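Source file: query36.json; contents: JSON, C-alpha atoms.
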[["chain", "number", "residue", "atom", "x", "y", "z"],
["A", 1, "MET", "CA", -11.36, 7.20, 51.62],
["A", 2, "LEU", "CA", -12.89, 3.74, 51.10],
["A", 3, "LYS", "CA", -9.73, 2.04, 52.37],
["A", 4, "SER", "CA", -9.78, 4.16, 55.52],
["A", 5, "ILE", "CA", -13.42, 3.33, 56.21],
["A", 6, "ALA", "CA", -12.79, -0.37, 55.60],
["A", 7, "VAL", "CA", -9.75, -0.47, 57.88],
["A", 8, "LEU", "CA", -11.54, 1.46, 60.63],
["A", 9, "ALA", "CA", -14.64, -0.73, 60.39],
["A", 10, "THR", "CA", -12.53, -3.90, 60.51],
["A", 11, "PHE", "CA", -10.49, -2.64, 63.46],
["A", 12, "LEU", "CA", -13.59, -1.71, 65.45],
["A", 13, "ALA", "CA", -15.26, -5.01, 64.64],
["A", 14, "VAL", "CA", -12.26, -7.04, 65.71],
["A", 15, "ALA", "CA", -11.77, -4.90, 68.83],
["A", 16, "ASN", "CA", -15.39, -5.45, 69.68],
["A", 17, "GLY", "CA", -15.09, -9.19, 69.10],
["A", 18, "ARG", "CA", -17.80, -9.29, 66.49],
["A", 19, "SER", "CA", -17.95, -10.34, 62.88],
["A", 20, "LEU", "CA", -18.67, -7.97, 60.02],
["A", 21, "GLN", "CA", -20.21, -10.71, 57.95],
["A", 22, "PRO", "CA", -23.89, -10.06, 58.72],
["A", 23, "ALA", "CA", -23.60, -6.42, 57.68],
["A", 24, "LEU", "CA", -21.73, -7.26, 54.49],
["A", 25, "ARG", "CA", -24.13, -9.94, 53.35],
["A", 26, "LEU", "CA", -25.95, -8.10, 50.58],
["A", 27, "ARG", "CA", -28.73, -10.59, 50.09],
["A", 28, "GLY", "CA", -29.66, -10.38, 53.74],
["A", 29, "GLY", "CA", -29.76, -6.61, 53.59],
["A", 30, "VAL", "CA", -31.66, -6.21, 50.33],
["A", 31, "ASP", "CA", -35.40, -6.46, 50.34],
["A", 32, "ALA", "CA", -36.94, -8.37, 47.42],
["A", 33, "GLY", "CA", -39.62, -5.69, 47.12],
["A", 34, "GLN", "CA", -36.99, -2.98, 46.65],
["A", 35, "VAL", "CA", -35.25, -5.06, 43.99],
["A", 36, "ALA", "CA", -38.59, -5.65, 42.27],
["A", 37, "ASN", "CA", -39.43, -1.94, 42.27],
["A", 38, "GLY", "CA", -35.98, -1.07, 40.93],
["A", 39, "ALA", "CA", -36.33, -3.68, 38.18],
["A", 40, "LEU", "CA", -39.79, -2.37, 37.33],
["A", 41, "ALA", "CA", -38.47, 1.20, 37.11],
["A", 42, "LEU", "CA", -35.69, 0.11, 34.72],
["A", 43, "SER", "CA", -38.16, -1.95, 32.73],
["A", 44, "GLY", "CA", -40.62, 0.93, 32.59],
["A", 45, "ILE", "CA", -37.99, 3.34, 31.26],
["A", 46, "ASN", "CA", -36.92, 0.80, 28.62],
["A", 47, "ALA", "CA", -40.53, 0.09, 27.65],
["A", 48, "GLY", "CA", -41.39, 3.79, 27.48],
["A", 49, "MET", "CA", -38.46, 4.41, 25.16],
["A", 50, "MET", "CA", -39.49, 1.52, 22.92],
["A", 51, "ALA", "CA", -43.15, 2.60, 22.83],
["A", 52, "LEU", "CA", -42.59, 6.32, 22.36],
["A", 53, "SER", "CA", -39.45, 6.36, 20.24],
["A", 54, "PRO", "CA", -39.25, 3.00, 18.44],
["A", 55, "SER", "CA", -36.86, 4.20, 15.74],
["A", 56, "LYS", "CA", -34.28, 5.39, 18.26],
["A", 57, "ALA", "CA", -34.69, 2.22, 20.35],
["A", 58, "GLY", "CA", -34.35, 0.13, 17.18],
["A", 59, "GLU", "CA", -31.13, 1.87, 16.18],
["A", 60, "LEU", "CA", -29.63, 0.96, 19.55],
["A", 61, "GLU", "CA", -30.76, -2.63, 19.15],
["A", 62, "VAL", "CA", -29.50, -3.31, 15.64],
["A", 63, "GLN", "CA", -26.08, -1.70, 15.91],
["A", 64, "ASN", "CA", -23.15, -3.83, 14.89],
["A", 65, "ARG", "CA", -22.51, -6.47, 17.56],
["A", 66, "THR", "CA", -18.83, -6.84, 16.79],
["A", 67, "ASN", "CA", -18.17, -3.10, 16.91],
["A", 68, "PRO", "CA", -20.29, -1.56, 19.65],
["A", 69, "ALA", "CA", -20.46, 2.21, 19.81],
["A", 70, "PRO", "CA", -17.59, 3.51, 22.00],
["A", 71, "THR", "CA", -19.90, 6.01, 23.72],
["A", 72, "LEU", "CA", -22.26, 3.22, 24.70],
["A", 73, "THR", "CA", -19.42, 1.09, 26.07],
["A", 74, "LEU", "CA", -18.08, 4.09, 27.97],
["A", 75, "THR", "CA", -21.52, 4.92, 29.37],
["A", 76, "LEU", "CA", -22.03, 1.33, 30.51],
["A", 77, "THR", "CA", -18.57, 1.18, 32.08],
["A", 78, "LEU", "CA", -19.12, 4.45, 33.92],
["A", 79, "THR", "CA", -22.59, 3.37, 35.09],
["A", 80, "LEU", "CA", -21.35, 0.02, 36.36],
["A", 81, "THR", "CA", -18.33, 1.61, 38.07],
["A", 82, "LEU", "CA", -20.52, 4.23, 39.73],
["A", 83, "THR", "CA", -23.03, 1.62, 40.88],
["A", 84, "LEU", "CA", -20.28, -0.59, 42.27],
["A", 85, "THR", "CA", -18.64, 2.31, 44.08],
["A", 86, "LEU", "CA", -21.93, 3.48, 45.56],
["A", 87, "THR", "CA", -22.84, -0.04, 46.69],
["A", 88, "LEU", "CA", -19.44, -0.55, 48.28],
["A", 89, "THR", "CA", -19.55, 2.83, 50.02],
["A", 90, "LEU", "CA", -23.07, 2.25, 51.34],
["A", 91, "THR", "CA", -22.18, -1.25, 52.55],
["A", 92, "LEU", "CA", -19.06, -0.07, 54.35],
["A", 93, "THR", "CA", -20.90, 2.89, 55.86],
["A", 94, "LEU", "CA", -23.60, 0.55, 57.12],
["A", 95, "ALA", "CA", -20.98, -1.79, 58.54],
["A", 96, "LEU", "CA", -19.22, 1.10, 60.25],
["A", 97, "THR", "CA", -22.46, 2.44, 61.71],
["A", 98, "LEU", "CA", -23.47, -0.96, 63.06],
["A", 99, "THR", "CA", -20.05, -1.59, 64.51],
["A", 100, "LEU", "CA", -19.87, 1.83, 66.16],
["A", 101, "ASN", "CA", -23.36, 1.32, 67.52],
["A", 102, "ARG", "CA", -22.36, -2.00, 69.07],
["A", 103, "ALA", "CA", -19.08, -0.61, 70.39],
["A", 104, "LEU", "CA", -20.82, 2.29, 72.10],
["A", 105, "ARG", "CA", -23.36, 0.10, 73.89],
["B", 1, "MET", "CA", -35.16, 0.15, 9.61],
["B", 2, "SER", "CA", -38.57, -0.23, 7.96],
["B", 3, "ALA", "CA", -41.85, 1.28, 9.15],
["B", 4, "ALA", "CA", -43.03, -2.23, 10.07],
["B", 5, "ASP", "CA", -39.87, -2.78, 12.16],
["B", 6, "SER", "CA", -40.59, 0.44, 14.08],
["B", 7, "LEU", "CA", -44.15, -0.67, 14.72],
["B", 8, "ILE", "CA", -42.99, -4.04, 16.05],
["B", 9, "ILE", "CA", -40.61, -2.31, 18.48],
["B", 10, "LYS", "CA", -43.43, 0.02, 19.53],
["B", 11, "TYR", "CA", -45.72, -2.95, 20.21],
["B", 12, "MET", "CA", -42.97, -4.72, 22.13],
["B", 13, "GLY", "CA", -42.64, -1.58, 24.27],
["B", 14, "GLY", "CA", -46.40, -1.63, 24.83],
["B", 15, "MET", "CA", -46.31, -5.26, 25.96],
["B", 16, "MET", "CA", -43.38, -4.56, 28.24],
["B", 17, "LEU", "CA", -45.42, -1.73, 29.77],
["B", 18, "THR", "CA", -48.30, -4.19, 30.21],
["B", 19, "THR", "CA", -46.21, -6.58, 32.29],
["B", 20, "THR", "CA", -44.46, -3.76, 34.17],
["B", 21, "ILE", "CA", -47.68, -1.94, 35.13],
["B", 22, "ALA", "CA", -49.46, -5.17, 36.08],
["B", 23, "ALA", "CA", -46.55, -6.28, 38.26],
["B", 24, "TYR", "CA", -46.20, -2.83, 39.84],
["B", 25, "TYR", "CA", -49.86, -2.63, 40.83],
["B", 26, "ALA", "CA", -49.93, -6.24, 42.03],
["B", 27, "ILE", "CA", -46.83, -5.66, 44.18],
["B", 28, "SER", "CA", -48.42, -2.47, 45.53],
["B", 29, "GLY", "CA", -51.41, -4.45, 46.78],
["B", 30, "THR", "CA", -53.97, -4.02, 44.00],
["B", 31, "ASP", "CA", -55.87, -7.25, 43.31],
["B", 32, "ALA", "CA", -54.39, -9.31, 40.47],
["B", 33, "ILE", "CA", -57.31, -8.94, 38.04],
["B", 34, "THR", "CA", -57.46, -5.14, 38.33],
["B", 35, "ALA", "CA", -53.65, -4.93, 38.08],
["B", 36, "LEU", "CA", -53.77, -6.96, 34.84],
["B", 37, "GLY", "CA", -56.56, -4.68, 33.57],
["B", 38, "TYR", "CA", -54.46, -1.57, 34.24],
["B", 39, "GLY", "CA", -51.59, -3.27, 32.45],
["B", 40, "MET", "CA", -53.70, -3.74, 29.34],
["B", 41, "ILE", "CA", -54.33, 0.01, 28.94],
["B", 42, "PRO", "CA", -51.09, 0.98, 27.09],
["B", 43, "SER", "CA", -51.52, -1.91, 24.65],
["B", 44, "MET", "CA", -55.15, -0.92, 24.10],
["B", 45, "ILE", "CA", -54.15, 2.67, 23.33],
["B", 46, "GLN", "CA", -51.53, 1.43, 20.86],
["B", 47, "GLN", "CA", -54.02, -0.85, 19.13],
["B", 48, "VAL", "CA", -56.71, 1.82, 18.81],
["B", 49, "GLU", "CA", -54.07, 4.18, 17.43],
["B", 50, "GLY", "CA", -52.90, 1.44, 15.07],
["B", 51, "ALA", "CA", -56.42, 0.77, 13.83],
["B", 52, "LEU", "CA", -57.02, 4.47, 13.18],
["B", 53, "ASN", "CA", -53.74, 4.79, 11.26],
["B", 54, "ASP", "CA", -54.24, 1.45, 9.50],
["B", 55, "ASP", "CA", -50.86, 0.25, 10.77],
["B", 56, "GLN", "CA", -51.77, -3.39, 10.10],
["B", 57, "ALA", "CA", -51.65, -2.69, 6.36],
["B", 58, "LYS", "CA", -47.91, -2.07, 6.76],
["B", 59, "PHE", "CA", -47.56, -5.76, 7.68],
["B", 60, "GLY", "CA", -49.62, -6.78, 4.66],
["B", 61, "GLN", "CA", -52.75, -7.65, 6.64],
["B", 62, "GLU", "CA", -56.07, -7.29, 4.84],
["B", 63, "GLY", "CA", -59.70, -7.74, 5.85],
["B", 64, "PRO", "CA", -61.29, -8.38, 9.26],
["B", 65, "ILE", "CA", -58.22, -10.13, 10.71],
["B", 66, "LYS", "CA", -56.65, -6.67, 11.00],
["B", 67, "TYR", "CA", -59.02, -5.97, 13.90],
["B", 68, "LEU", "CA", -58.97, -9.39, 15.62],
["B", 69, "ASN", "CA", -56.30, -8.49, 18.17],
["B", 70, "LEU", "CA", -57.98, -5.17, 18.94],
["B", 71, "VAL", "CA", -61.33, -6.88, 19.58],
["B", 72, "ILE", "CA", -59.78, -9.58, 21.82],
["B", 73, "SER", "CA", -57.80, -7.01, 23.81],
["B", 74, "ALA", "CA", -60.84, -4.75, 24.20],
["B", 75, "VAL", "CA", -62.98, -7.60, 25.54],
["B", 76, "VAL", "CA", -60.23, -8.70, 27.94],
["B", 77, "THR", "CA", -59.55, -5.15, 29.18],
["B", 78, "TYR", "CA", -63.25, -4.41, 29.70],
["B", 79, "THR", "CA", -63.82, -7.71, 31.51],
["B", 80, "LEU", "CA", -60.81, -7.27, 33.80],
["B", 81, "LEU", "CA", -61.66, -3.70, 34.73],
["B", 82, "GLN", "CA", -65.45, -3.65, 34.64],
["B", 83, "GLY", "CA", -66.61, -7.26, 34.96],
["B", 84, "GLY", "CA", -69.50, -8.14, 32.69],
["B", 85, "PRO", "CA", -70.85, -11.39, 31.29],
["B", 86, "LEU", "CA", -67.48, -13.17, 31.29],
["B", 87, "ASP", "CA", -65.76, -14.53, 34.38],
["B", 88, "GLN", "CA", -62.76, -12.31, 35.11],
["B", 89, "THR", "CA", -60.32, -14.96, 36.30],
["B", 90, "LEU", "CA", -61.25, -17.34, 33.50],
["B", 91, "THR", "CA", -60.85, -14.52, 30.95],
["B", 92, "ALA", "CA", -57.37, -13.75, 32.31],
["B", 93, "LYS", "CA", -56.41, -17.44, 32.12],
["B", 94, "VAL", "CA", -57.74, -17.88, 28.59],
["B", 95, "TYR", "CA", -55.91, -14.73, 27.48],
["B", 96, "ALA", "CA", -52.75, -16.13, 29.12],
["B", 97, "GLY", "CA", -53.13, -19.31, 27.05],
["B", 98, "TRP", "CA", -53.85, -17.36, 23.86],
["B", 99, "SER", "CA", -50.77, -15.19, 24.43],
["B", 100, "ALA", "CA", -48.56, -18.18, 25.23],
["B", 101, "LEU", "CA", -49.73, -19.97, 22.07],
["B", 102, "ASN", "CA", -48.99, -16.96, 19.88],
["B", 103, "GLY", "CA", -45.79, -16.03, 21.70],
["B", 104, "VAL", "CA", -44.20, -19.47, 21.61],
["B", 105, "GLY", "CA", -45.28, -19.88, 17.97],
["B", 106, "MET", "CA", -43.81, -16.50, 17.07],
["B", 107, "TYR", "CA", -40.56, -17.33, 18.88],
["B", 108, "PHE", "CA", -39.94, -20.74, 17.31],
["B", 109, "ALA", "CA", -41.73, -20.39, 13.95],
["B", 110, "SER", "CA", -41.99, -16.68, 13.21],
["B", 111, "ASP", "CA", -42.73, -17.04, 9.50],
["B", 112, "LYS", "CA", -45.59, -19.48, 9.92],
["B", 113, "MET", "CA", -47.15, -17.50, 12.75],
["B", 114, "VAL", "CA", -46.98, -14.25, 10.80],
["B", 115, "GLU", "CA", -48.60, -15.99, 7.83],
["B", 116, "ALA", "CA", -51.32, -17.36, 10.11],
["B", 117, "TRP", "CA", -52.13, -13.77, 11.02],
["B", 118, "GLY", "CA", -52.45, -12.89, 7.32],
["B", 119, "ALA", "CA", -49.29, -10.78, 7.33],
["B", 120, "ASP", "CA", -46.14, -10.86, 5.24],
["B", 121, "SER", "CA", -43.07, -11.99, 7.19],
["B", 122, "LYS", "CA", -40.75, -10.25, 4.73],
["B", 123, "THR", "CA", -41.87, -6.85, 6.00],
["B", 124, "VAL", "CA", -40.17, -7.33, 9.39],
["B", 125, "ASN", "CA", -36.65, -8.18, 10.55],
["B", 126, "PRO", "CA", -36.82, -11.84, 11.80],
["B", 127, "VAL", "CA", -34.91, -10.91, 14.95],
["B", 128, "PHE", "CA", -37.66, -8.48, 15.90],
["B", 129, "LEU", "CA", -40.32, -11.13, 15.28],
["B", 130, "LYS", "CA", -38.50, -13.46, 17.65],
["B", 131, "GLY", "CA", -38.35, -10.64, 20.18],
["B", 132, "MET", "CA", -42.06, -10.07, 19.71],
["B", 133, "GLY", "CA", -42.60, -13.77, 20.48],
["B", 134, "THR", "CA", -40.67, -13.33, 23.72],
["B", 135, "PHE", "CA", -42.75, -10.35, 24.83],
["B", 136, "ILE", "CA", -46.08, -12.00, 23.94],
["B", 137, "THR", "CA", -45.01, -15.05, 25.97],
["B", 138, "LEU", "CA", -44.05, -12.81, 28.89],
["B", 139, "VAL", "CA", -47.53, -11.24, 28.80],
["B", 140, "GLY", "CA", -49.03, -14.75, 28.82],
["B", 141, "ALA", "CA", -46.84, -15.83, 31.74],
["B", 142, "THR", "CA", -47.65, -12.69, 33.74],
["B", 143, "PHE", "CA", -51.39, -13.17, 33.17],
["B", 144, "TRP", "CA", -51.27, -16.84, 34.11],
["B", 145, "LEU", "CA", -49.15, -16.43, 37.24],
["B", 146, "LEU", "CA", -51.10, -13.47, 38.64],
["B", 147, "ALA", "CA", -54.50, -14.96, 37.72],
["B", 148, "THR", "CA", -53.63, -18.23, 39.45],
["B", 149, "GLY", "CA", -52.71, -16.42, 42.65],
["B", 150, "GLU", "CA", -48.93, -16.49, 42.46],
["B", 151, "ASP", "CA", -47.12, -13.90, 44.59],
["B", 152, "ALA", "CA", -46.46, -10.70, 42.58],
["B", 153, "ILE", "CA", -42.73, -10.53, 43.36],
["B", 154, "LYS", "CA", -42.29, -14.20, 42.45],
["B", 155, "THR", "CA", -44.22, -13.52, 39.24],
["B", 156, "LEU", "CA", -41.74, -10.78, 38.36],
["B", 157, "GLY", "CA", -38.87, -13.14, 39.17],
["B", 158, "MET", "CA", -40.26, -15.95, 37.03],
["B", 159, "THR", "CA", -40.97, -13.73, 34.02],
["B", 160, "THR", "CA", -37.49, -12.24, 34.38],
["B", 161, "ALA", "CA", -36.07, -15.77, 34.39],
["B", 162, "LEU", "CA", -37.98, -16.43, 31.17],
["B", 163, "MET", "CA", -36.52, -13.29, 29.61],
["B", 164, "LEU", "CA", -33.04, -14.32, 30.79],
["B", 165, "ALA", "CA", -33.50, -17.76, 29.20],
["B", 166, "THR", "CA", -34.36, -16.20, 25.81],
["B", 167, "MET", "CA", -31.33, -13.90, 26.10],
["B", 168, "ILE", "CA", -29.08, -16.88, 26.84],
["B", 169, "ASP", "CA", -30.59, -18.62, 23.81],
["B", 170, "GLY", "CA", -30.04, -15.57, 21.59],
["B", 171, "ASN", "CA", -26.47, -14.99, 22.75],
["B", 172, "PHE", "CA", -25.05, -18.48, 23.24],
["B", 173, "ILE", "CA", -27.20, -20.93, 21.28],
["B", 174, "THR", "CA", -28.79, -19.38, 18.20],
["B", 175, "GLY", "CA", -26.46, -16.36, 18.23],
["B", 176, "ASP", "CA", -29.04, -13.99, 16.79],
["B", 177, "ALA", "CA", -29.47, -11.60, 19.73],
["B", 178, "PRO", "CA", -29.84, -8.00, 18.62],
["B", 179, "GLY", "CA", -27.74, -5.12, 19.90],
["B", 180, "SER", "CA", -24.16, -4.98, 21.13],
["B", 181, "LYS", "CA", -22.67, -7.75, 23.24],
["B", 182, "ASN", "CA", -21.98, -5.26, 26.04],
["B", 183, "MET", "CA", -25.61, -4.24, 26.14],
["B", 184, "GLN", "CA", -26.74, -7.88, 26.11],
["B", 185, "TYR", "CA", -24.35, -8.84, 28.91],
["B", 186, "PHE", "CA", -25.41, -5.82, 30.96],
["B", 187, "TRP", "CA", -29.10, -6.76, 30.74],
["B", 188, "MET", "CA", -28.33, -10.43, 31.40],
["B", 189, "ALA", "CA", -26.49, -9.40, 34.58],
["B", 190, "VAL", "CA", -29.39, -7.18, 35.64],
["B", 191, "ASN", "CA", -31.93, -9.96, 34.95],
["B", 192, "ALA", "CA", -29.82, -12.56, 36.77],
["B", 193, "ALA", "CA", -29.60, -10.27, 39.81],
["B", 194, "VAL", "CA", -33.38, -9.68, 39.76],
["B", 195, "CYS", "CA", -33.98, -13.45, 39.57],
["B", 196, "TYR", "CA", -31.60, -14.07, 42.47],
["B", 197, "PHE", "CA", -33.13, -11.49, 44.79],
["B", 198, "THR", "CA", -36.77, -12.22, 43.95],
["B", 199, "LEU", "CA", -36.76, -16.01, 43.64],
["B", 200, "ALA", "CA", -34.05, -17.23, 46.02]]
Just give me the structure as structure tokens.
Amino acid sequence: MLKSIAVLATFLAVANGRSLQPALRLRGGVDAGQVANGALALSGINAGMMALSPSKAGELEVQNRTNPAPTLTLTLTLTLTLTLTLTLTLTLTLALTLTLNRALR
Amino acid sequence: MSAADSLIIKYMGGMMLTTTIAAYYAISGTDAITALGYGMIPSMIQQVEGALNDDQAKFGQEGPIKYLNLVISAVVTYTLLQGGPLDQTLTAKVYAGWSALNGVGMYFASDKMVEAWGADSKTVNPVFLKGMGTFITLVGATFWLLATGEDAIKTLGMTTALMLATMIDGNFITGDAPGSKNMQYFWMAVNAAVCYFTLA
């Protein structure tokens, strides 16, 4: 699916004589305010957990560094993979939309 | 984990809420002093609750010093939210300095700072005390930056950079960072990304 979108987006961009780079530049497309709000949401959840359930938060903090809990590792891996996939999909969709928009003008 | 350890984590959560709420309101357009006042509310609630439950005794504190932090926080919160005889901006700056002094002291010399507060350092895991120092310093930095008119998003970026620096210290220099390496690396990546997008 992702490969097809990427190939199609690239083909249209090249056919249209334009570069995909502006659409793929994440920093240009991400608003600092949105990043700040996202970071604050994450921070708020973490803080709420620490303030309301300190024992549980403490257990997570003091677990053995050399032998991290497999479930935690798995959860982190899944979260990171999902985030990466979503980001990639959104970026490619945006690129495709922009390219199609330009091609249709 | 001891009861004192749990309390320290709870207070760290309260301080994290302080910086988060203050930054959120400041970014949303609330004036810096009011935003800082709103941020103080969770910590105030925790301290009143702590005083009622005599939590300070669990750290070995005795006498009037048990209530010093509560009194200072109450005066600061009231001044920031309601005004009063003290100048609001000056109060925020002085509180920033007070927090920085305590935070940096707690980070680099936990035992001595805990003793200065009339508590027993043996009651708490040293790693948590160092963490407490980080969070107190972050409160100080947030107060200073917002009170001196720094942009709210830049303030968040700078305090995140400070947090990232302490994580780098804990993981690669002193090697005493709590939690799993995966968790530490994950949060370092998140913090680095926040710094990049808010400060660059």
Taking all atoms listed in the file into account, what are the residues of chain B at most 9 Å from chain A, put as an MDAnalysis selection string? chainID B and resid 1 3 5:17 20:21 23:24 27 46 153 156:157 177:183 186 190:191 193:194 196:199
Fewer than 4 positions away in the same chain doesn't count, so skip those; otherwise give me all residues within 12 Å of Leu36 of chain B, counting all atoms listed in the file, as number ranges by chain. B: 15, 17-27, 30-32, 40-43, 73, 76-81, 88-89, 91-93, 95-96, 139-147, 152
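Across the model, the gap from atom CA of Ser121 of chain B to atom CA of Tyr107 of chain B is 13.1 Å.
Note that atom CA of Thr155 of chain B and atom CA of Pro126 of chain B are 28.5 Å apart.
Counting from atom CA of Leu101 of chain B, the distance to atom CA of Val114 of chain B is 12.9 Å.
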Proximity to Met132 of chain B - best of B:Ala192, B:Gly118, B:Met163, B:Gly175, all atoms listed in the file: B:Met163
